[in-house]
Amino acid sequence: MTRNPLTPDALDPVFAPPHDLPGTLISIVGFDGSGKTTQITALAERFRAEGRTVVETRQPTDWYRNEAAVQHFHEEGGSRERARILALFAAADRHRHVQEVILPALRRGAVVICDRYVYATFGVFIHRGVDPAFLVTLNQGVPRPDFAFFLDLPTASLIERLRSRDGDKLKFEERSPERIEAIVSIYRGMAGQLIRVDGAQSREAVTAALWSHCHAQVTAG
Ligand SMILES: Nc1ncnc2c1ncn2[C@@H]1O[C@H](COP(=O)(O)OP(=O)(O)OP(=O)(O)O)[C@@H](O)[C@H]1O
Ligand SMILES: Cc1cn([C@H]2C[C@H](O)[C@@H](COP(=O)(O)O)O2)c(=O)[nH]c1=O
């Protein structure tokens with residue numbers, strides 16, 4: 001599979017100018033099993049305890065996930081041509097989710113915590129041979145998160161967690177250490193766009209690290 005490099009500034013044109021809405025957008029990315037769901041639940045609990053309205057959401061949405069071709073692609077893999085087609089669908093799903101869920105919640109002043117977001121589409125589709133510039137074009141105009149975190153873990157730890165959670169029911173990428181490594185390297189290449197957090201720490205330590213980055217600004221909002 002061809003892997004095109006993602007240059008450090010390549011992601012910048014994807015984002016709209018900084019939003020001035022009363023809410024806060026937080027994205028948490030990382031390979032499957034890195035602890036995103038666990039941390040989103042923990043952060044949401046903390047923000048609610050501070051009296052904030054929180055919207056927990058995710059991309060891709062079920063509109064994308066429930067499509068048979070998508071499920072086949074994630075379970076069994078597929079060609080670069082198929083990946084390009086699904087990249088179009090994933091971008092449509094993202095723009096729809098931004099317009100219908102994220103922006104309305106930010107306008108209401110909510111803390112929106114999004115599992116994955118646009119970063120993950122680069123991880124998945126560059127690995128499958130899609131040109132990064134094409135992905136930038138498709139996804140252009142999405143709001144830049146106020147905070148975007150990357151939960152970084154060694155491949156062996158990811159595999160251990162996925163196996164203990166899902167047994168043998170692993171997806172195409174999850175079944176191969178080389179594929180995991182390739183996708184995680186794409187996330188690491190987005191340094192500068194993402195705040196890296198050591199996801200191998202205890203659940204509580206990861207939550208504390210995320211909280212320390214964002215709580216002051218968010219609870220003041
Ligand atoms: N810090 C941690 N230490 C040990 N185990 C953890 C930690 N965080 C999460 N886990 C466990 O690892 C597994 C994966 O966590 P979780 O479901 O939160 O990851 P995820 O990134 O949301 O996964 P996916 O993308 O596949 O939905 C779960 O069984 C969870 O209980
Ligand atoms: C297009 C697209 C796909 N993904 C992928 C990455 C994951 O393998 C699955 C979602 O898995 P989850 O563990 O159920 O969250 O979809 C993505 O994350 N972003 C995309 O744009």
# chains A, B, ... in the order shown; residues from 1 in each chain; ligands from 1
$ residues_near_ligand --ligand "ligand 2" --cutoff "8 Å" --atoms "only C-alpha atoms and all ligand atoms" --output "ChimeraX atom specification"
/A:31-33,58-60,64-65,74,86-87,89-91,94,115-125,171,173
$ write_last_selection --atoms "C-alpha atoms" --output "mmCIF file, in the first residue's frame"
data_model
loop_
_atom_site.group_PDB
_atom_site.id
_atom_site.type_symbol
_atom_site.label_atom_id
_atom_site.label_comp_id
_atom_site.auth_asym_id
_atom_site.auth_seq_id
_atom_site.Cartn_x
_atom_site.Cartn_y
_atom_site.Cartn_z
ATOM 1 C CA PHE A 31 -5.758 4.191 17.533
ATOM 2 C CA ASP A 32 -8.653 1.847 18.393
ATOM 3 C CA GLY A 33 -8.353 0.750 22.037
ATOM 4 C CA ARG A 58 -18.171 10.877 17.648
ATOM 5 C CA GLN A 59 -16.997 10.802 14.064
ATOM 6 C CA PRO A 60 -17.607 8.952 11.917
ATOM 7 C CA TYR A 64 -21.233 6.267 7.788
ATOM 8 C CA ARG A 65 -20.691 3.312 10.091
ATOM 9 C CA HIS A 74 -13.161 -1.915 8.107
ATOM 10 C CA LEU A 86 -15.257 6.007 1.274
ATOM 11 C CA ALA A 87 -13.129 9.098 1.961
ATOM 12 C CA PHE A 89 -18.544 9.538 2.181
ATOM 13 C CA ALA A 90 -16.569 10.065 5.418
ATOM 14 C CA ALA A 91 -16.108 13.751 4.551
ATOM 15 C CA ARG A 94 -18.173 14.890 8.887
ATOM 16 C CA ASP A 115 -14.282 10.938 19.642
ATOM 17 C CA ARG A 116 -11.797 11.027 16.699
ATOM 18 C CA TYR A 117 -12.798 13.963 14.383
ATOM 19 C CA VAL A 118 -10.986 14.901 11.177
ATOM 20 C CA TYR A 119 -7.533 13.695 12.282
ATOM 21 C CA ALA A 120 -8.650 10.064 12.157
ATOM 22 C CA THR A 121 -9.616 10.263 8.509
ATOM 23 C CA PHE A 122 -5.959 11.048 7.702
ATOM 24 C CA GLY A 123 -4.828 8.081 9.796
ATOM 25 C CA VAL A 124 -7.194 5.648 8.121
ATOM 26 C CA PHE A 125 -7.069 6.813 4.516
ATOM 27 C CA LYS A 171 -10.880 -5.211 12.508
ATOM 28 C CA GLU A 173 -6.138 -2.688 10.795
#
$ select_by_dssp --residues "region 13-102 of chain A" --states "strand (DSSP E)" --output "number ranges by chain"
A: 24-29, 54-58
$ select_by_dssp --residues "region 1-198 of chain A" --states "helix (DSSP H, G or I)" --output "PyMOL selection string"
chain A and resi 12-14+36-49+62-65+68-76+80-107+118-127+132-139+155-166+173-175+177-188
$ closest_residue --among "A:Val111, A:Ala16, A:Arg179, A:Ser79" --to "Glu50 (chain A)" --atoms "only C-alpha atoms"
A:Val111
$ residues_around --residues "Ser27 (chain A)" --least-positions-apart "2" --cutoff "8 Å" --atoms "only C-alpha atoms" --output "PyMOL selection string"
chain A and resi 25+29+113-117+145+147-149
$ residues_around --residues "Gln217 (chain A)" --least-positions-apart "3" --cutoff "12 Å" --atoms "only C-alpha atoms" --output "PDB file with N, CA, C and O atoms, in the first residue's frame"
ATOM      1  N   PRO A  22     -19.528  30.484  21.928  1.00  0.00           N
ATOM      2  CA  PRO A  22     -19.338  30.374  23.375  1.00  0.00           C
ATOM      3  C   PRO A  22     -18.914  28.984  23.855  1.00  0.00           C
ATOM      4  O   PRO A  22     -18.397  28.846  24.966  1.00  0.00           O
ATOM      5  N   GLY A  23     -19.133  27.963  23.069  1.00  0.00           N
ATOM      6  CA  GLY A  23     -18.777  26.609  23.490  1.00  0.00           C
ATOM      7  C   GLY A  23     -17.306  26.291  23.263  1.00  0.00           C
ATOM      8  O   GLY A  23     -16.539  27.121  22.777  1.00  0.00           O
ATOM      9  N   THR A  24     -16.948  25.070  23.624  1.00  0.00           N
ATOM     10  CA  THR A  24     -15.567  24.594  23.469  1.00  0.00           C
ATOM     11  C   THR A  24     -15.587  23.245  22.758  1.00  0.00           C
ATOM     12  O   THR A  24     -16.384  22.366  23.121  1.00  0.00           O
ATOM     13  N   LEU A  25     -14.720  23.108  21.758  1.00  0.00           N
ATOM     14  CA  LEU A  25     -14.640  21.839  21.022  1.00  0.00           C
ATOM     15  C   LEU A  25     -13.348  21.113  21.401  1.00  0.00           C
ATOM     16  O   LEU A  25     -12.253  21.672  21.271  1.00  0.00           O
ATOM     17  N   ILE A  26     -13.531  19.891  21.890  1.00  0.00           N
ATOM     18  CA  ILE A  26     -12.387  19.052  22.277  1.00  0.00           C
ATOM     19  C   ILE A  26     -12.446  17.775  21.444  1.00  0.00           C
ATOM     20  O   ILE A  26     -13.503  17.140  21.355  1.00  0.00           O
ATOM     21  N   PHE A  47     -16.525  17.886  33.695  1.00  0.00           N
ATOM     22  CA  PHE A  47     -17.105  19.160  33.252  1.00  0.00           C
ATOM     23  C   PHE A  47     -18.523  19.336  33.788  1.00  0.00           C
ATOM     24  O   PHE A  47     -18.911  20.435  34.181  1.00  0.00           O
ATOM     25  N   VAL A 111     -19.781  22.209  26.036  1.00  0.00           N
ATOM     26  CA  VAL A 111     -18.463  21.601  25.825  1.00  0.00           C
ATOM     27  C   VAL A 111     -18.734  20.368  24.946  1.00  0.00           C
ATOM     28  O   VAL A 111     -19.442  19.452  25.358  1.00  0.00           O
ATOM     29  N   ASP A 146     -10.673  23.500  19.980  1.00  0.00           N
ATOM     30  CA  ASP A 146      -9.938  24.307  20.953  1.00  0.00           C
ATOM     31  C   ASP A 146      -8.821  23.463  21.568  1.00  0.00           C
ATOM     32  O   ASP A 146      -7.758  23.984  21.906  1.00  0.00           O
ATOM     33  N   PHE A 147      -9.101  22.173  21.710  1.00  0.00           N
ATOM     34  CA  PHE A 147      -8.088  21.234  22.206  1.00  0.00           C
ATOM     35  C   PHE A 147      -8.237  19.936  21.420  1.00  0.00           C
ATOM     36  O   PHE A 147      -9.349  19.421  21.288  1.00  0.00           O
ATOM     37  N   TRP A 211      -7.219  16.862  31.703  1.00  0.00           N
ATOM     38  CA  TRP A 211      -7.880  17.911  32.486  1.00  0.00           C
ATOM     39  C   TRP A 211      -6.934  19.088  32.713  1.00  0.00           C
ATOM     40  O   TRP A 211      -7.314  20.248  32.610  1.00  0.00           O
ATOM     41  N   SER A 212      -5.673  18.775  32.998  1.00  0.00           N
ATOM     42  CA  SER A 212      -4.723  19.857  33.303  1.00  0.00           C
ATOM     43  C   SER A 212      -4.523  20.766  32.088  1.00  0.00           C
ATOM     44  O   SER A 212      -4.282  21.954  32.223  1.00  0.00           O
ATOM     45  N   HIS A 213      -4.664  20.215  30.886  1.00  0.00           N
ATOM     46  CA  HIS A 213      -4.498  21.046  29.689  1.00  0.00           C
ATOM     47  C   HIS A 213      -5.692  21.959  29.455  1.00  0.00           C
ATOM     48  O   HIS A 213      -5.535  23.067  28.953  1.00  0.00           O
ATOM     49  N   CYS A 214      -6.902  21.462  29.753  1.00  0.00           N
ATOM     50  CA  CYS A 214      -8.067  22.213  29.249  1.00  0.00           C
ATOM     51  C   CYS A 214      -8.993  22.799  30.299  1.00  0.00           C
ATOM     52  O   CYS A 214      -9.767  23.686  29.966  1.00  0.00           O
ATOM     53  N   ALA A 220     -13.619  28.525  32.667  1.00  0.00           N
ATOM     54  CA  ALA A 220     -13.737  29.987  32.689  1.00  0.00           C
ATOM     55  C   ALA A 220     -14.740  30.470  31.638  1.00  0.00           C
ATOM     56  O   ALA A 220     -15.251  31.573  31.717  1.00  0.00           O
ATOM     57  N   GLY A 221     -15.038  29.599  30.639  1.00  0.00           N
ATOM     58  CA  GLY A 221     -15.843  30.018  29.482  1.00  0.00           C
ATOM     59  C   GLY A 221     -17.314  30.169  29.767  1.00  0.00           C
ATOM     60  O   GLY A 221     -17.822  29.940  30.803  1.00  0.00           O
TER      61      GLY A 221
END
$ residues_near_ligand --ligand "ligand 1" --cutoff "8 Å" --atoms "only C-alpha atoms and all ligand atoms" --output "ChimeraX atom specification"
/A:29-39,115,161-162,164-165,199-206
$ write_last_selection --atoms "N, CA, C and O atoms" --output "mmCIF file, in the first residue's frame"
data_model
loop_
_atom_site.group_PDB
_atom_site.id
_atom_site.type_symbol
_atom_site.label_atom_id
_atom_site.label_comp_id
_atom_site.auth_asym_id
_atom_site.auth_seq_id
_atom_site.Cartn_x
_atom_site.Cartn_y
_atom_site.Cartn_z
ATOM 1 N N VAL A 29 -8.174 11.786 19.857
ATOM 2 C CA VAL A 29 -7.868 10.795 18.827
ATOM 3 C C VAL A 29 -6.846 9.795 19.351
ATOM 4 O O VAL A 29 -6.186 10.020 20.370
ATOM 5 N N GLY A 30 -6.734 8.735 18.613
ATOM 6 C CA GLY A 30 -5.807 7.675 18.975
ATOM 7 C C GLY A 30 -6.267 6.419 18.279
ATOM 8 O O GLY A 30 -7.419 6.334 17.834
ATOM 9 N N PHE A 31 -5.380 5.454 18.181
ATOM 10 C CA PHE A 31 -5.758 4.191 17.533
ATOM 11 C C PHE A 31 -6.866 3.522 18.352
ATOM 12 O O PHE A 31 -7.045 3.802 19.545
ATOM 13 N N ASP A 32 -7.602 2.623 17.725
ATOM 14 C CA ASP A 32 -8.653 1.847 18.393
ATOM 15 C C ASP A 32 -8.062 1.240 19.676
ATOM 16 O O ASP A 32 -6.966 0.666 19.654
ATOM 17 N N GLY A 33 -8.795 1.348 20.775
ATOM 18 C CA GLY A 33 -8.353 0.750 22.037
ATOM 19 C C GLY A 33 -7.425 1.640 22.841
ATOM 20 O O GLY A 33 -6.953 1.247 23.921
ATOM 21 N N SER A 34 -7.169 2.858 22.353
ATOM 22 C CA SER A 34 -6.210 3.720 23.065
ATOM 23 C C SER A 34 -6.812 4.360 24.312
ATOM 24 O O SER A 34 -6.090 4.980 25.097
ATOM 25 N N GLY A 35 -8.135 4.247 24.480
ATOM 26 C CA GLY A 35 -8.765 4.773 25.694
ATOM 27 C C GLY A 35 -9.611 6.015 25.466
ATOM 28 O O GLY A 35 -10.000 6.688 26.420
ATOM 29 N N LYS A 36 -9.956 6.296 24.222
ATOM 30 C CA LYS A 36 -10.725 7.517 23.909
ATOM 31 C C LYS A 36 -12.075 7.540 24.630
ATOM 32 O O LYS A 36 -12.411 8.525 25.289
ATOM 33 N N THR A 37 -12.830 6.458 24.486
ATOM 34 C CA THR A 37 -14.173 6.415 25.095
ATOM 35 C C THR A 37 -14.084 6.567 26.606
ATOM 36 O O THR A 37 -14.854 7.312 27.222
ATOM 37 N N THR A 38 -13.130 5.858 27.192
ATOM 38 C CA THR A 38 -12.931 5.913 28.647
ATOM 39 C C THR A 38 -12.668 7.354 29.080
ATOM 40 O O THR A 38 -13.236 7.845 30.056
ATOM 41 N N GLN A 39 -11.822 8.032 28.338
ATOM 42 C CA GLN A 39 -11.432 9.398 28.730
ATOM 43 C C GLN A 39 -12.540 10.411 28.442
ATOM 44 O O GLN A 39 -12.703 11.363 29.203
ATOM 45 N N ASP A 115 -15.129 12.116 19.813
ATOM 46 C CA ASP A 115 -14.282 10.938 19.642
ATOM 47 C C ASP A 115 -13.786 10.944 18.194
ATOM 48 O O ASP A 115 -14.592 10.924 17.267
ATOM 49 N N ARG A 161 -4.844 -4.471 24.833
ATOM 50 C CA ARG A 161 -6.155 -3.927 25.231
ATOM 51 C C ARG A 161 -7.258 -4.390 24.290
ATOM 52 O O ARG A 161 -8.353 -4.732 24.720
ATOM 53 N N LEU A 162 -6.950 -4.364 22.973
ATOM 54 C CA LEU A 162 -7.981 -4.764 22.010
ATOM 55 C C LEU A 162 -8.342 -6.225 22.195
ATOM 56 O O LEU A 162 -9.511 -6.598 22.168
ATOM 57 N N SER A 164 -8.040 -8.029 24.956
ATOM 58 C CA SER A 164 -8.781 -8.307 26.189
ATOM 59 C C SER A 164 -10.201 -7.736 26.112
ATOM 60 O O SER A 164 -11.114 -8.271 26.729
ATOM 61 N N ARG A 165 -10.413 -6.697 25.304
ATOM 62 C CA ARG A 165 -11.776 -6.164 25.158
ATOM 63 C C ARG A 165 -12.584 -6.935 24.120
ATOM 64 O O ARG A 165 -13.741 -7.258 24.339
ATOM 65 N N GLY A 199 -0.889 7.597 26.693
ATOM 66 C CA GLY A 199 -2.095 6.808 26.951
ATOM 67 C C GLY A 199 -1.828 5.526 27.708
ATOM 68 O O GLY A 199 -2.767 4.817 28.075
ATOM 69 N N ALA A 200 -0.559 5.208 27.953
ATOM 70 C CA ALA A 200 -0.227 3.963 28.662
ATOM 71 C C ALA A 200 -0.325 4.123 30.175
ATOM 72 O O ALA A 200 -0.216 3.145 30.916
ATOM 73 N N GLN A 201 -0.532 5.347 30.630
ATOM 74 C CA GLN A 201 -0.671 5.571 32.079
ATOM 75 C C GLN A 201 -2.012 4.994 32.564
ATOM 76 O O GLN A 201 -2.866 4.619 31.760
ATOM 77 N N SER A 202 -2.198 5.020 33.877
ATOM 78 C CA SER A 202 -3.483 4.568 34.423
ATOM 79 C C SER A 202 -4.601 5.451 33.892
ATOM 80 O O SER A 202 -4.353 6.592 33.462
ATOM 81 N N ARG A 203 -5.831 4.957 33.955
ATOM 82 C CA ARG A 203 -6.986 5.751 33.492
ATOM 83 C C ARG A 203 -7.006 7.109 34.183
ATOM 84 O O ARG A 203 -7.225 8.146 33.564
ATOM 85 N N GLU A 204 -6.770 7.067 35.511
ATOM 86 C CA GLU A 204 -6.859 8.303 36.302
ATOM 87 C C GLU A 204 -5.765 9.288 35.904
ATOM 88 O O GLU A 204 -5.992 10.504 35.829
ATOM 89 N N ALA A 205 -4.564 8.764 35.642
ATOM 90 C CA ALA A 205 -3.448 9.654 35.277
ATOM 91 C C ALA A 205 -3.690 10.287 33.907
ATOM 92 O O ALA A 205 -3.362 11.462 33.682
ATOM 93 N N VAL A 206 -4.270 9.522 32.980
ATOM 94 C CA VAL A 206 -4.561 10.090 31.660
ATOM 95 C C VAL A 206 -5.606 11.194 31.801
ATOM 96 O O VAL A 206 -5.461 12.293 31.250
#
$ atom_distance --atom1 "CA of Arg80 (chain A)" --atom2 "CA of Gly129 (chain A)"
5.6 Å
$ closest_residue --among "A:Ile183, A:Ala110, A:Ile28, A:Ala68" --to "Gly51 (chain A)" --atoms "only C-alpha atoms"
A:Ala110
$ atom_distance --atom1 "CA of Pro8 (chain A)" --atom2 "CA of Ile126 (chain A)"
14.5 Å
$ atom_distance --atom1 "CA of Leu106 (chain A)" --atom2 "CA of His19 (chain A)"
9.2 Å
$ residues_around --residues "Thr155 (chain A)" --least-positions-apart "4" --cutoff "7 Å" --atoms "only C-alpha atoms" --output "MDAnalysis selection string"
chainID A and resid 159 177 180:181
$ closest_residue --among "A:Gln99, A:Thr57, A:Ser176, A:Gln193" --to "Leu158 (chain A)" --atoms "only C-alpha atoms"
A:Ser176
